[in-house]
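What follows is input.txt (compact mmCIF, C-alpha atoms and all ligand atoms).
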```txt
# COMPACT_ATOMS: atom_id res chain seq x y z
CA MET A 1 0.00 0.00 0.00
CA SER A 2 1.29 3.47 -0.81
CA ASP A 3 1.67 6.29 1.66
CA ALA A 4 -0.76 8.55 -0.18
CA GLY A 5 -3.48 8.46 2.49
CA LYS A 6 -1.08 9.24 5.32
CA ARG A 7 0.49 12.01 3.26
CA ALA A 8 -2.92 13.55 2.50
CA ALA A 9 -3.88 13.55 6.19
CA GLY A 10 -0.49 14.98 7.24
CA ARG A 11 -0.66 17.76 4.67
CA ALA A 12 -4.23 18.68 5.64
CA ALA A 13 -3.17 18.94 9.29
CA ALA A 14 -0.20 21.14 8.40
CA GLU A 15 -2.65 23.62 6.87
CA LEU A 16 -4.34 24.02 10.28
CA VAL A 17 -1.18 25.52 11.80
CA GLU A 18 -1.10 29.32 11.93
CA PRO A 19 1.96 31.52 12.40
CA GLY A 20 2.87 31.97 16.07
CA MET A 21 1.10 28.82 17.24
CA ARG A 22 2.57 26.64 19.95
CA ILE A 23 1.79 23.06 19.02
CA GLY A 24 2.41 19.42 19.91
CA TYR A 25 4.28 17.24 17.45
CA GLY A 26 2.96 13.66 17.54
CA THR A 27 4.82 10.47 16.70
CA GLY A 28 4.64 7.96 13.86
CA SER A 29 4.72 7.53 10.11
CA THR A 30 1.61 9.67 9.50
CA VAL A 31 3.02 12.45 11.65
CA GLU A 32 6.20 12.27 9.55
CA HIS A 33 4.15 13.64 6.63
CA PHE A 34 2.73 16.36 8.85
CA LEU A 35 6.21 17.42 9.97
CA VAL A 36 7.57 17.53 6.43
CA ALA A 37 4.58 19.54 5.19
CA LEU A 38 4.76 21.91 8.15
CA ALA A 39 8.49 22.49 7.71
CA GLY A 40 7.79 23.17 4.04
CA ARG A 41 5.47 26.03 4.97
CA GLY A 42 8.34 27.88 6.68
CA ILE A 43 6.09 29.62 9.22
CA ASP A 44 6.99 30.73 12.75
CA VAL A 45 5.92 27.85 14.97
CA ALA A 46 7.33 25.91 17.90
CA GLY A 47 6.21 22.73 19.57
CA VAL A 48 6.57 20.06 22.20
CA PRO A 49 7.62 16.70 20.72
CA THR A 50 5.99 13.49 21.94
CA SER A 51 9.06 11.28 21.55
CA GLU A 52 12.83 11.41 21.24
CA GLY A 53 12.42 10.26 17.63
CA THR A 54 10.10 13.13 16.81
CA ALA A 55 12.43 15.58 18.56
CA ARG A 56 15.31 14.39 16.36
CA ARG A 57 13.17 14.63 13.23
CA CYS A 58 12.02 18.16 14.10
CA ALA A 59 15.64 19.20 14.60
CA GLU A 60 16.55 17.78 11.18
CA LEU A 61 13.64 19.63 9.57
CA GLY A 62 14.37 22.90 11.37
CA LEU A 63 11.13 22.85 13.39
CA PRO A 64 11.74 24.63 16.74
CA LEU A 65 11.21 22.62 19.93
CA LEU A 66 9.73 23.52 23.30
CA ARG A 67 9.85 21.68 26.63
CA PRO A 68 6.54 21.18 28.47
CA ASP A 69 7.69 23.63 31.16
CA GLU A 70 8.14 26.39 28.58
CA VAL A 71 4.50 26.65 27.53
CA ALA A 72 1.31 26.61 29.62
CA GLU A 73 -1.11 25.58 26.88
CA LEU A 74 -0.74 24.39 23.31
CA ASP A 75 -2.91 25.77 20.49
CA LEU A 76 -3.01 22.50 18.61
CA VAL A 77 -1.64 18.97 18.84
CA VAL A 78 -1.42 16.75 15.77
CA ASP A 79 -0.88 13.06 16.36
CA GLY A 80 -1.57 9.67 14.82
CA ALA A 81 -3.51 6.69 16.15
CA ASP A 82 -3.48 2.93 15.79
CA GLU A 83 -7.26 2.63 15.97
CA LEU A 84 -10.10 5.10 16.36
CA THR A 85 -13.86 4.92 16.70
CA ARG A 86 -16.28 7.34 15.04
CA ASP A 87 -16.73 9.11 18.38
CA LEU A 88 -12.95 9.57 18.53
CA ALA A 89 -11.86 7.17 21.22
CA LEU A 90 -8.33 6.14 20.29
CA THR A 91 -5.81 3.40 20.75
CA LYS A 92 -2.27 4.76 20.70
CA GLY A 93 1.19 3.50 21.54
CA GLY A 94 2.08 1.34 18.56
CA GLY A 95 5.13 3.56 18.23
CA ARG A 96 6.02 3.34 21.98
CA ALA A 97 5.24 7.01 22.64
CA LEU A 98 1.88 6.79 24.46
CA LEU A 99 2.97 8.38 27.73
CA ARG A 100 4.41 11.57 26.27
CA GLU A 101 1.61 11.60 23.70
CA LYS A 102 -0.94 11.60 26.52
CA VAL A 103 0.92 14.29 28.45
CA VAL A 104 1.06 16.53 25.37
CA ALA A 105 -2.58 15.79 24.48
CA GLY A 106 -3.49 17.01 27.96
CA MET A 107 -1.85 20.36 27.23
CA THR A 108 -4.26 21.39 24.46
CA ARG A 109 -7.92 22.01 23.82
CA ARG A 110 -7.50 20.83 20.23
CA LEU A 111 -6.11 17.39 19.48
CA VAL A 112 -6.34 16.54 15.79
CA VAL A 113 -5.79 12.90 14.88
CA ILE A 114 -4.37 12.05 11.47
CA ALA A 115 -4.96 8.55 10.16
CA THR A 116 -6.26 6.49 7.26
CA PRO A 117 -9.87 5.19 7.02
CA GLY A 118 -8.74 1.59 7.60
CA LYS A 119 -7.95 2.48 11.21
CA VAL A 120 -11.58 3.29 12.01
CA VAL A 121 -13.11 0.43 14.01
CA ALA A 122 -16.50 -0.26 15.55
CA ARG A 123 -14.86 -1.14 18.88
CA LEU A 124 -11.36 -0.42 20.14
CA GLY A 125 -9.38 -3.61 20.38
CA ASP A 126 -10.90 -5.01 17.16
CA SER A 127 -7.60 -4.92 15.30
CA PHE A 128 -4.94 -3.63 17.69
CA PRO A 129 -3.99 -4.53 21.27
CA MET A 130 -4.17 -1.96 24.05
CA PRO A 131 -0.62 -0.83 24.93
CA VAL A 132 0.09 -0.18 28.60
CA GLU A 133 3.30 1.54 29.75
CA VAL A 134 4.48 0.16 33.09
CA ILE A 135 7.53 0.75 35.26
CA PRO A 136 9.72 -2.38 35.00
CA PHE A 137 9.25 -3.27 38.69
CA ALA A 138 5.49 -3.55 38.19
CA ALA A 139 5.41 -5.44 34.89
CA ALA A 140 4.51 -8.85 36.37
CA PRO A 141 1.82 -7.69 38.83
CA VAL A 142 0.20 -5.45 36.23
CA ARG A 143 0.25 -8.28 33.73
CA ARG A 144 -1.52 -10.53 36.22
CA ALA A 145 -4.09 -7.83 37.00
CA LEU A 146 -4.85 -7.39 33.30
CA GLU A 147 -5.12 -11.16 32.82
CA ALA A 148 -7.55 -11.32 35.74
CA ASP A 149 -9.69 -8.80 33.81
CA GLY A 150 -9.70 -11.12 30.78
CA PHE A 151 -6.89 -9.62 28.71
CA VAL A 152 -4.35 -11.73 26.87
CA VAL A 153 -1.08 -9.95 27.54
CA GLU A 154 2.34 -9.89 25.88
CA VAL A 155 5.40 -7.93 26.91
CA ARG A 156 6.47 -6.01 23.80
CA ASN A 157 9.88 -7.23 22.67
CA HIS A 158 12.26 -6.86 19.79
CA GLY A 159 11.86 -10.51 18.79
CA ASP A 160 15.29 -11.44 20.13
CA GLY A 161 14.42 -11.76 23.82
CA ARG A 162 15.02 -8.10 24.63
CA ASP A 163 12.06 -6.13 25.94
CA VAL A 164 11.21 -2.87 24.18
CA GLU A 165 12.09 0.12 26.34
CA THR A 166 10.19 3.38 26.08
CA ASP A 167 11.77 6.86 26.03
CA ASN A 168 10.95 6.95 29.74
CA GLY A 169 12.82 3.72 30.58
CA ASN A 170 9.64 1.68 31.00
CA VAL A 171 8.26 -1.51 29.43
CA LEU A 172 5.14 -2.01 27.34
CA LEU A 173 2.43 -4.61 27.79
CA ASP A 174 0.22 -5.24 24.75
CA ALA A 175 -3.16 -6.41 26.02
CA ARG A 176 -5.86 -7.95 23.82
CA LEU A 177 -9.42 -8.39 25.00
CA PRO A 178 -11.25 -11.08 23.02
CA GLY A 179 -14.28 -9.41 21.44
CA GLY A 180 -12.86 -5.90 21.83
CA ILE A 181 -13.29 -3.19 24.45
CA GLY A 182 -16.92 -2.24 25.02
CA ASP A 183 -16.38 0.68 27.41
CA PRO A 184 -12.97 2.23 26.68
CA ALA A 185 -13.39 5.10 29.16
CA ALA A 186 -14.01 2.68 32.02
CA VAL A 187 -11.09 0.45 30.98
CA GLU A 188 -8.75 3.43 30.62
CA ALA A 189 -9.66 4.69 34.09
CA ARG A 190 -9.34 1.25 35.66
CA VAL A 191 -5.99 0.42 34.05
CA GLU A 192 -4.46 3.80 34.93
CA LEU A 193 -5.27 3.15 38.59
CA MET A 194 -3.21 -0.06 38.65
CA PRO A 195 -0.05 0.66 40.69
CA GLY A 196 2.96 0.89 38.40
CA VAL A 197 1.00 1.81 35.27
CA VAL A 198 2.13 5.17 33.91
CA ALA A 199 -0.16 5.30 30.88
CA CYS A 200 -2.86 3.29 29.17
CA GLY A 201 -2.91 3.49 25.37
CA LEU A 202 -6.66 4.12 25.31
CA PHE A 203 -7.28 7.86 24.80
CA THR A 204 -10.91 8.65 25.51
CA ASP A 205 -12.28 12.17 25.73
CA LEU A 206 -9.06 13.73 24.37
CA ALA A 207 -9.38 13.96 20.58
CA HIS A 208 -11.58 16.64 19.01
CA GLU A 209 -11.19 16.00 15.29
CA ALA A 210 -9.76 13.37 12.99
CA LEU A 211 -8.53 13.83 9.44
CA LEU A 212 -8.70 10.59 7.48
CA GLY A 213 -6.57 10.58 4.36
CA ASP A 214 -7.56 8.26 1.53
CA GLU A 215 -5.35 6.67 -1.13
CA ASP A 216 -6.84 9.01 -3.75
CA GLY A 217 -5.61 12.03 -1.78
CA SER A 218 -9.02 13.06 -0.42
CA VAL A 219 -9.45 13.82 3.27
CA THR A 220 -12.55 13.17 5.38
CA GLU A 221 -13.08 14.90 8.68
CA LEU A 222 -14.61 13.35 11.80
CA ARG A 223 -15.62 15.54 14.73
CA VAL A 224 -16.83 14.85 18.23
CA GLY A 225 -20.54 15.60 18.73
C1 LIG B 301 2.95 6.19 18.63
C2 LIG B 301 1.55 6.30 18.19
C3 LIG B 301 1.31 6.57 16.74
O1 LIG B 301 0.63 7.78 16.63
C4 LIG B 301 0.53 5.44 16.18
O2 LIG B 301 1.28 4.26 16.39
C5 LIG B 301 0.25 5.63 14.68
O3 LIG B 301 1.44 5.52 13.96
P1 LIG B 301 1.47 5.50 12.38
O4 LIG B 301 1.06 6.86 11.93
O5 LIG B 301 2.91 5.16 12.06
O6 LIG B 301 0.52 4.43 11.91
O7 LIG B 301 0.60 6.19 18.94
O8 LIG B 301 3.04 5.81 19.97
```
Now that the file is in, can you turn its structure into structure tokens?
Amino acid sequence: MSDAGKRAAGRAAAELVEPGMRIGYGTGSTVEHFLVALAGRGIDVAGVPTSEGTARRCAELGLPLLRPDEVAELDLVVDGADELTRDLALTKGGGRALLREKVVAGMTRRLVVIATPGKVVARLGDSFPMPVEVIPFAAAPVRRALEADGFVVEVRNHGDGRDVETDNGNVLLDARLPGGIGDPAAVEARVELMPGVVACGLFTDLAHEALLGDEDGSVTELRVG
């Protein structure tokens, strides 16, 4: 499959950025198109990156960076998703960046998701597991707690026995619920209360709009409400 849909969504999001805005730079291959398009506009903008990888990419592209302590509120955050529902509940974290993505999402009143239509699902969990970022000390107890709730859990690894480490020095549990997640807000709240969990990859009540880029270059907008 070509990248045309991701590129269309990324370009459409770059057009939302106005000179002087303070923004959040998401993470992932769709966001890559947003960053390239934004850099191409050459406008005065600065933003908080959601991962070390995005920070490096912004530096390469000449997009100015901010730390979270340097800005009280962001005008706009543009980020990708692994799955989304039509009412804009999201699964995020396929690219390991869920914790900083959630922190940055919490700094704005406008989170715009960029994705392709194939990521829209009837229920979260239909096609993608729920990532959970956990401090290493708590990985086993959190895994057991998730299993007790019916999830099938894997520790994310590189395929060679080494666990994936996040930018924050934590591990990731990928948790699948057979049949999908009926009430993502309740699951998100419950999982984030488990001691040792630093972020659940379900993002409910955070996204305001989604731009879905199709292979033919067209973009469809979804909005909450
Ligand atoms: C990273 C994320 C990404 O936004 C998500 O994985 C989508 O990535 P891509 O645009 O490459 O499909 O949540 O943690």
For this session: Just give me the gap between atom CA of Ile181 of chain A and atom CA of Asp163 of chain A in Å, one decimal is fine.
Result: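 Atom CA of Asp163 of chain A lies at a distance of 25.6 Å from atom CA of Ile181 of chain A.
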Exercise. Taking all atoms listed in the file into account, which residues are within 7 Å of ligand LIG 301 (chain B), as an MDAnalysis selection string?
Worked result: chainID A and resid 26:31 79:82 92:98 115
Exercise. Pick from A:Ile135, A:Ala8, A:Ala207, A:Ala122: nearest to Gly169 of chain A, with only C-alpha atoms counted?
Worked result: A:Ile135
Using only C-alpha atoms, which residues sit within 12 Å of Ala185 of chain A once same-chain residues fewer than 5 positions away are excluded, as a PDB file with C-alpha atoms, in the coordinates of the input?
```
ATOM      1  CA  ASP A  87     -16.730   9.110  18.380  1.00  0.00           C
ATOM      2  CA  LEU A  88     -12.950   9.570  18.530  1.00  0.00           C
ATOM      3  CA  ALA A  89     -11.860   7.170  21.220  1.00  0.00           C
ATOM      4  CA  LEU A  90      -8.330   6.140  20.290  1.00  0.00           C
ATOM      5  CA  THR A  91      -5.810   3.400  20.750  1.00  0.00           C
ATOM      6  CA  LEU A 124     -11.360  -0.420  20.140  1.00  0.00           C
ATOM      7  CA  ARG A 190      -9.340   1.250  35.660  1.00  0.00           C
ATOM      8  CA  VAL A 191      -5.990   0.420  34.050  1.00  0.00           C
ATOM      9  CA  GLU A 192      -4.460   3.800  34.930  1.00  0.00           C
ATOM     10  CA  CYS A 200      -2.860   3.290  29.170  1.00  0.00           C
ATOM     11  CA  GLY A 201      -2.910   3.490  25.370  1.00  0.00           C
ATOM     12  CA  LEU A 202      -6.660   4.120  25.310  1.00  0.00           C
ATOM     13  CA  PHE A 203      -7.280   7.860  24.800  1.00  0.00           C
ATOM     14  CA  THR A 204     -10.910   8.650  25.510  1.00  0.00           C
ATOM     15  CA  ASP A 205     -12.280  12.170  25.730  1.00  0.00           C
ATOM     16  CA  LEU A 206      -9.060  13.730  24.370  1.00  0.00           C
TER      17      LEU A 206
END
```
Problem set entry | Pick from A:Asp214, A:Asp167, A:Asp126, A:Asp174 nearest to Val153 of chain A, counting all atoms listed in the file |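 Answer, going by the shortest atom-to-atom distance: A:Asp174.
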For this session: Please identify all polymer residues within 7 Å of Gly24 of chain A, counting all atoms listed in the file, omitting same-chain residues fewer than 3 positions from it, and present them as a list in words.
Result: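 With the cut-off at 7 Å, the set is Gly47, Val48, Pro49, Leu74, Leu76, Val77, Val78 and Val104 of chain A.
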Just give me the residues with any atom within 12 Å of (-5.1, 6.3, 0.4), file coordinates, counting only C-alpha atoms, written as a PDB file with C-alpha atoms, in the coordinates of the input.
```pdb
ATOM      1  CA  MET A   1       0.000   0.000   0.000  1.00  0.00           C
ATOM      2  CA  SER A   2       1.290   3.470  -0.810  1.00  0.00           C
ATOM      3  CA  ASP A   3       1.670   6.290   1.660  1.00  0.00           C
ATOM      4  CA  ALA A   4      -0.760   8.550  -0.180  1.00  0.00           C
ATOM      5  CA  GLY A   5      -3.480   8.460   2.490  1.00  0.00           C
ATOM      6  CA  LYS A   6      -1.080   9.240   5.320  1.00  0.00           C
ATOM      7  CA  ARG A   7       0.490  12.010   3.260  1.00  0.00           C
ATOM      8  CA  ALA A   8      -2.920  13.550   2.500  1.00  0.00           C
ATOM      9  CA  ALA A   9      -3.880  13.550   6.190  1.00  0.00           C
ATOM     10  CA  GLY A  10      -0.490  14.980   7.240  1.00  0.00           C
ATOM     11  CA  THR A  30       1.610   9.670   9.500  1.00  0.00           C
ATOM     12  CA  ALA A 115      -4.960   8.550  10.160  1.00  0.00           C
ATOM     13  CA  THR A 116      -6.260   6.490   7.260  1.00  0.00           C
ATOM     14  CA  PRO A 117      -9.870   5.190   7.020  1.00  0.00           C
ATOM     15  CA  GLY A 118      -8.740   1.590   7.600  1.00  0.00           C
ATOM     16  CA  LYS A 119      -7.950   2.480  11.210  1.00  0.00           C
ATOM     17  CA  LEU A 212      -8.700  10.590   7.480  1.00  0.00           C
ATOM     18  CA  GLY A 213      -6.570  10.580   4.360  1.00  0.00           C
ATOM     19  CA  ASP A 214      -7.560   8.260   1.530  1.00  0.00           C
ATOM     20  CA  GLU A 215      -5.350   6.670  -1.130  1.00  0.00           C
ATOM     21  CA  ASP A 216      -6.840   9.010  -3.750  1.00  0.00           C
ATOM     22  CA  GLY A 217      -5.610  12.030  -1.780  1.00  0.00           C
ATOM     23  CA  SER A 218      -9.020  13.060  -0.420  1.00  0.00           C
ATOM     24  CA  VAL A 219      -9.450  13.820   3.270  1.00  0.00           C
ATOM     25  CA  THR A 220     -12.550  13.170   5.380  1.00  0.00           C
TER      26      THR A 220
END
```
Exercise. Atom CA of Val120 of chain A and atom CA of Arg143 of chain A, how far apart in Å?
Worked result: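 Atom CA of Val120 of chain A lies at a distance of 27.3 Å from atom CA of Arg143 of chain A.
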What are the closest atom pairs, with distances in Å to one decimal, for all residues of segment 85-174 of chain A lying within 12 Å of segment 17-21 of chain A? Consider all atoms listed in the file, order rows by chain and residue number, and present the result as a Markdown table.
```
| residue | atom | partner | partner_atom | distance |
| --- | --- | --- | --- | --- |
| A:Thr108 | CA | A:Met21 | CA | 11.7 |
| A:Arg110 | CA | A:Val17 | CA | 11.5 |
| A:Val112 | CA | A:Val17 | CA | 11.1 |
```
